[in-house]
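Colleague: The structure under discussion is supplied below as structure tokens; questions concerning it will follow.
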Amino acid sequence: MKLILLGPPAAGKGTQAEGIAERYSLAHISTGDMLRAEIALKTPLGLQAKALIDDGNLVPDDIINAMVASRITQEDCKIGFLLDGYPRTIAQAEALAGEVDIDAVLDIDVDADILIKRVAARRVCTQCHHSQTIHEGEAEICAKCGAALERRTDDNPESMRHRLDVYYQRTHPLIKFYRDRQLLVPIDGSKSIEEVSAQIFGYLDTKFGRA
Ligand code: AMP
């Protein structure tokens, strides 16, 4: 199974990717996580990417394409993989098509007003990097490992508005790109985490058989 998770920022791609990767034993490839790891290690790529990410801009296609092309040849991808946050441009989708045949593109659709509310409440664990939503008055402690939570540096209102503009201009055209190739699977992402998972698992179980 070679899958893509498409959708605007804060649509729930990362959360759903964790569940899908576990259920079907797929490698979870998040280009955002890979870039944040480079930033934490202060590599040349990380230093270049940090300013772009914090302002809500995309990292150049050639850098991301090379990063993913190398990642998908690794051993853990042999059984299958799930791309989360890649491709984000038509040029990336074309580069990927030159590397590998994708089986399905799950497009998680959520209205912009819901996304802006979600991003304001989104926190990430400083230890295990699990992403979660906090409610008013709740302690900022990771539900998985108990470590402190923090806000992503790009989860501020200005950056989020810009990321949404970038999404509609650069990434949204991929919906037509994959629909034309009969790969698009629309998913209603406005529902609860469990309901969105049920839609995705229902589709994948039917198409590929229960893992
Ligand atoms: P994410 O964690 O998927 O929301 O990604 C965080 C940020 O990393 C994005 O806002 C971009 O700045 C950068 N990024 C992640 N994936 C890509 C990609 N496929 N192409 C370009 N930039 C990316």
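Chain labels A, B, ... are given in the sequence in which chains occur in the structure tokens; within each chain residues are numbered consecutively from 1, and ligands are likewise numbered from 1 in the order shown.
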Quick one: residues within 10 Å of stretch 34-42 of chain A, only C-alpha atoms counted, chain neighbours fewer than 2 positions away excluded, as a ChimeraX atom specification?

Modeller: /A:29-32,44-50,53,59,64,67-68,71,152

Colleague: Using only C-alpha atoms and all ligand atoms, what are the residues with an atom within 10 Å of ligand 1, set out as an MDAnalysis selection string?

Modeller: chainID A and resid 6:14 30:36 49:65 67:68 83:89 91:93 152:155 159:160 162:164 166:167 170:171

Colleague: Keeping only C-alpha atoms, write the selected residues to a file as a PDB file, in the first residue's frame.

Modeller:
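Resulting contents of result20.pdb:
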```pdb
ATOM      1  CA  LEU A   6      -3.748  15.292   1.398  1.00  0.00           C
ATOM      2  CA  GLY A   7      -5.463  18.176   3.183  1.00  0.00           C
ATOM      3  CA  PRO A   8      -5.003  21.702   4.522  1.00  0.00           C
ATOM      4  CA  PRO A   9      -2.867  22.486   7.614  1.00  0.00           C
ATOM      5  CA  ALA A  10      -4.482  21.206  10.840  1.00  0.00           C
ATOM      6  CA  ALA A  11      -6.893  18.933   8.927  1.00  0.00           C
ATOM      7  CA  GLY A  12      -5.731  16.046  11.125  1.00  0.00           C
ATOM      8  CA  LYS A  13      -3.281  14.440   8.685  1.00  0.00           C
ATOM      9  CA  GLY A  14      -0.655  13.669  11.339  1.00  0.00           C
ATOM     10  CA  SER A  30       5.914  13.214   7.396  1.00  0.00           C
ATOM     11  CA  THR A  31       7.981  15.794   5.524  1.00  0.00           C
ATOM     12  CA  GLY A  32       7.098  18.359   8.234  1.00  0.00           C
ATOM     13  CA  ASP A  33       8.504  16.018  10.939  1.00  0.00           C
ATOM     14  CA  MET A  34      11.622  15.342   8.832  1.00  0.00           C
ATOM     15  CA  LEU A  35      12.215  19.091   8.450  1.00  0.00           C
ATOM     16  CA  ARG A  36      11.612  19.739  12.183  1.00  0.00           C
ATOM     17  CA  ALA A  49      14.079  25.543   6.343  1.00  0.00           C
ATOM     18  CA  LYS A  50      13.389  27.198   9.716  1.00  0.00           C
ATOM     19  CA  ALA A  51      12.694  30.710   8.438  1.00  0.00           C
ATOM     20  CA  LEU A  52      10.517  29.389   5.596  1.00  0.00           C
ATOM     21  CA  ILE A  53       8.504  27.153   7.927  1.00  0.00           C
ATOM     22  CA  ASP A  54       8.035  29.792  10.648  1.00  0.00           C
ATOM     23  CA  ASP A  55       6.651  32.219   8.048  1.00  0.00           C
ATOM     24  CA  GLY A  56       4.323  29.561   6.633  1.00  0.00           C
ATOM     25  CA  ASN A  57       6.140  29.245   3.295  1.00  0.00           C
ATOM     26  CA  LEU A  58       7.011  26.044   1.453  1.00  0.00           C
ATOM     27  CA  VAL A  59      10.517  24.610   1.346  1.00  0.00           C
ATOM     28  CA  PRO A  60      11.776  24.455  -2.299  1.00  0.00           C
ATOM     29  CA  ASP A  61      10.531  21.501  -4.363  1.00  0.00           C
ATOM     30  CA  ASP A  62      13.985  20.151  -5.326  1.00  0.00           C
ATOM     31  CA  ILE A  63      15.031  19.846  -1.644  1.00  0.00           C
ATOM     32  CA  ILE A  64      11.820  18.099  -0.601  1.00  0.00           C
ATOM     33  CA  ASN A  65      11.754  15.830  -3.665  1.00  0.00           C
ATOM     34  CA  MET A  67      14.503  14.067   0.691  1.00  0.00           C
ATOM     35  CA  VAL A  68      11.424  11.926  -0.095  1.00  0.00           C
ATOM     36  CA  LEU A  83       3.103  10.194   2.801  1.00  0.00           C
ATOM     37  CA  ASP A  84       1.853  12.919   5.162  1.00  0.00           C
ATOM     38  CA  GLY A  85       2.368  16.499   3.940  1.00  0.00           C
ATOM     39  CA  TYR A  86       3.914  15.472   0.601  1.00  0.00           C
ATOM     40  CA  PRO A  87       3.341  16.250  -2.226  1.00  0.00           C
ATOM     41  CA  ARG A  88       2.279  19.871  -1.680  1.00  0.00           C
ATOM     42  CA  THR A  89       2.766  21.195  -5.238  1.00  0.00           C
ATOM     43  CA  ALA A  91       5.878  19.793  -9.351  1.00  0.00           C
ATOM     44  CA  GLN A  92       6.263  17.535  -6.290  1.00  0.00           C
ATOM     45  CA  ALA A  93       3.402  15.275  -7.467  1.00  0.00           C
ATOM     46  CA  ARG A 152       4.566  24.743  17.077  1.00  0.00           C
ATOM     47  CA  THR A 153       6.427  27.929  16.129  1.00  0.00           C
ATOM     48  CA  ASP A 154       4.356  28.114  12.898  1.00  0.00           C
ATOM     49  CA  ASP A 155       1.011  27.687  14.721  1.00  0.00           C
ATOM     50  CA  SER A 159       1.546  32.112   9.867  1.00  0.00           C
ATOM     51  CA  MET A 160      -1.632  29.983   9.791  1.00  0.00           C
ATOM     52  CA  HIS A 162      -0.511  32.472   5.202  1.00  0.00           C
ATOM     53  CA  ARG A 163      -0.258  28.655   5.263  1.00  0.00           C
ATOM     54  CA  LEU A 164      -3.927  28.463   4.276  1.00  0.00           C
ATOM     55  CA  VAL A 166      -0.349  28.809   0.268  1.00  0.00           C
ATOM     56  CA  TYR A 167      -2.455  25.632   0.590  1.00  0.00           C
ATOM     57  CA  ARG A 170      -0.203  25.566  -4.390  1.00  0.00           C
ATOM     58  CA  THR A 171      -1.637  22.366  -2.882  1.00  0.00           C
TER      59      THR A 171
END
```

Colleague: Taking into account only C-alpha atoms, which residue in the set A:Ile116, A:His135, A:Ile90, A:Val100 is nearest to A:Glu158?

Modeller: A:Ile116

Colleague: Taking the DSSP assignment computed from this structure's backbone, write out as a PyMOL selection string all residues of stretch 144-198 of chain A that belong to strand (DSSP E or B).

Modeller: chain A and resi 148-150+184-188

Colleague: Take the residues that were just selected and, keeping C-alpha atoms, output them as a compact mmCIF listing (two decimals), in the first residue's frame.

Modeller:
```txt
# COMPACT_ATOMS: atom_id res chain seq x y z
CA ALA A 148 5.28 19.06 28.66
CA LEU A 149 3.44 20.28 25.56
CA GLU A 150 4.44 23.23 23.40
CA LEU A 184 -8.69 10.61 -5.07
CA VAL A 185 -10.66 9.42 -2.03
CA PRO A 186 -12.63 12.30 -0.41
CA ILE A 187 -12.76 12.13 3.41
CA ASP A 188 -14.94 14.44 5.56
```

Colleague: Fewer than 5 positions away in the same chain doesn't count, so skip those; otherwise give me all residues within 8 Å of A:Ala21, counting only C-alpha atoms, as a list in words.

Modeller: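 Near A:Ala21, the qualifying residues are Leu26, Ala27, His28, Phe81 and Leu82 of chain A.
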
Colleague: Generate a file of the selected residues that holds C-alpha atoms, formatted as a short mmCIF file (atom, residue, chain, number, x, y, z; two decimals), in the first residue's frame.

Modeller:
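Generated file (result_10.cif):
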```cif
data_model
loop_
_atom_site.label_atom_id
_atom_site.label_comp_id
_atom_site.auth_asym_id
_atom_site.auth_seq_id
_atom_site.Cartn_x
_atom_site.Cartn_y
_atom_site.Cartn_z
CA LEU A 26 3.12 1.22 6.90
CA ALA A 27 6.09 3.56 7.22
CA HIS A 28 4.76 7.02 8.18
CA PHE A 81 4.25 3.76 3.15
CA LEU A 82 2.05 6.70 3.90
#
```

Colleague: For the atom pair atom CA of A:Asp76 and atom CA of A:Ile193, what is the interatomic distance in Å to one decimal place?

Modeller: 26.4 Å

Colleague: Just asking: which residues within stretch 13-67 of chain A are alpha helix (DSSP H) according to DSSP, as a PyMOL selection string?

Modeller: chain A and resi 13-24+31-40+44-54+61-67

Colleague: Please compute the atom CA of A:Thr73-atom CA of A:Glu99 distance, one decimal, in Å.

Modeller: 9.8 Å

Colleague: What's the separation between atom CA of A:Asp165 and atom CA of A:Leu5, in Å to one decimal place?

Modeller: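 According to the coordinates, atom CA of A:Asp165 and atom CA of A:Leu5 are separated by 19.0 Å.
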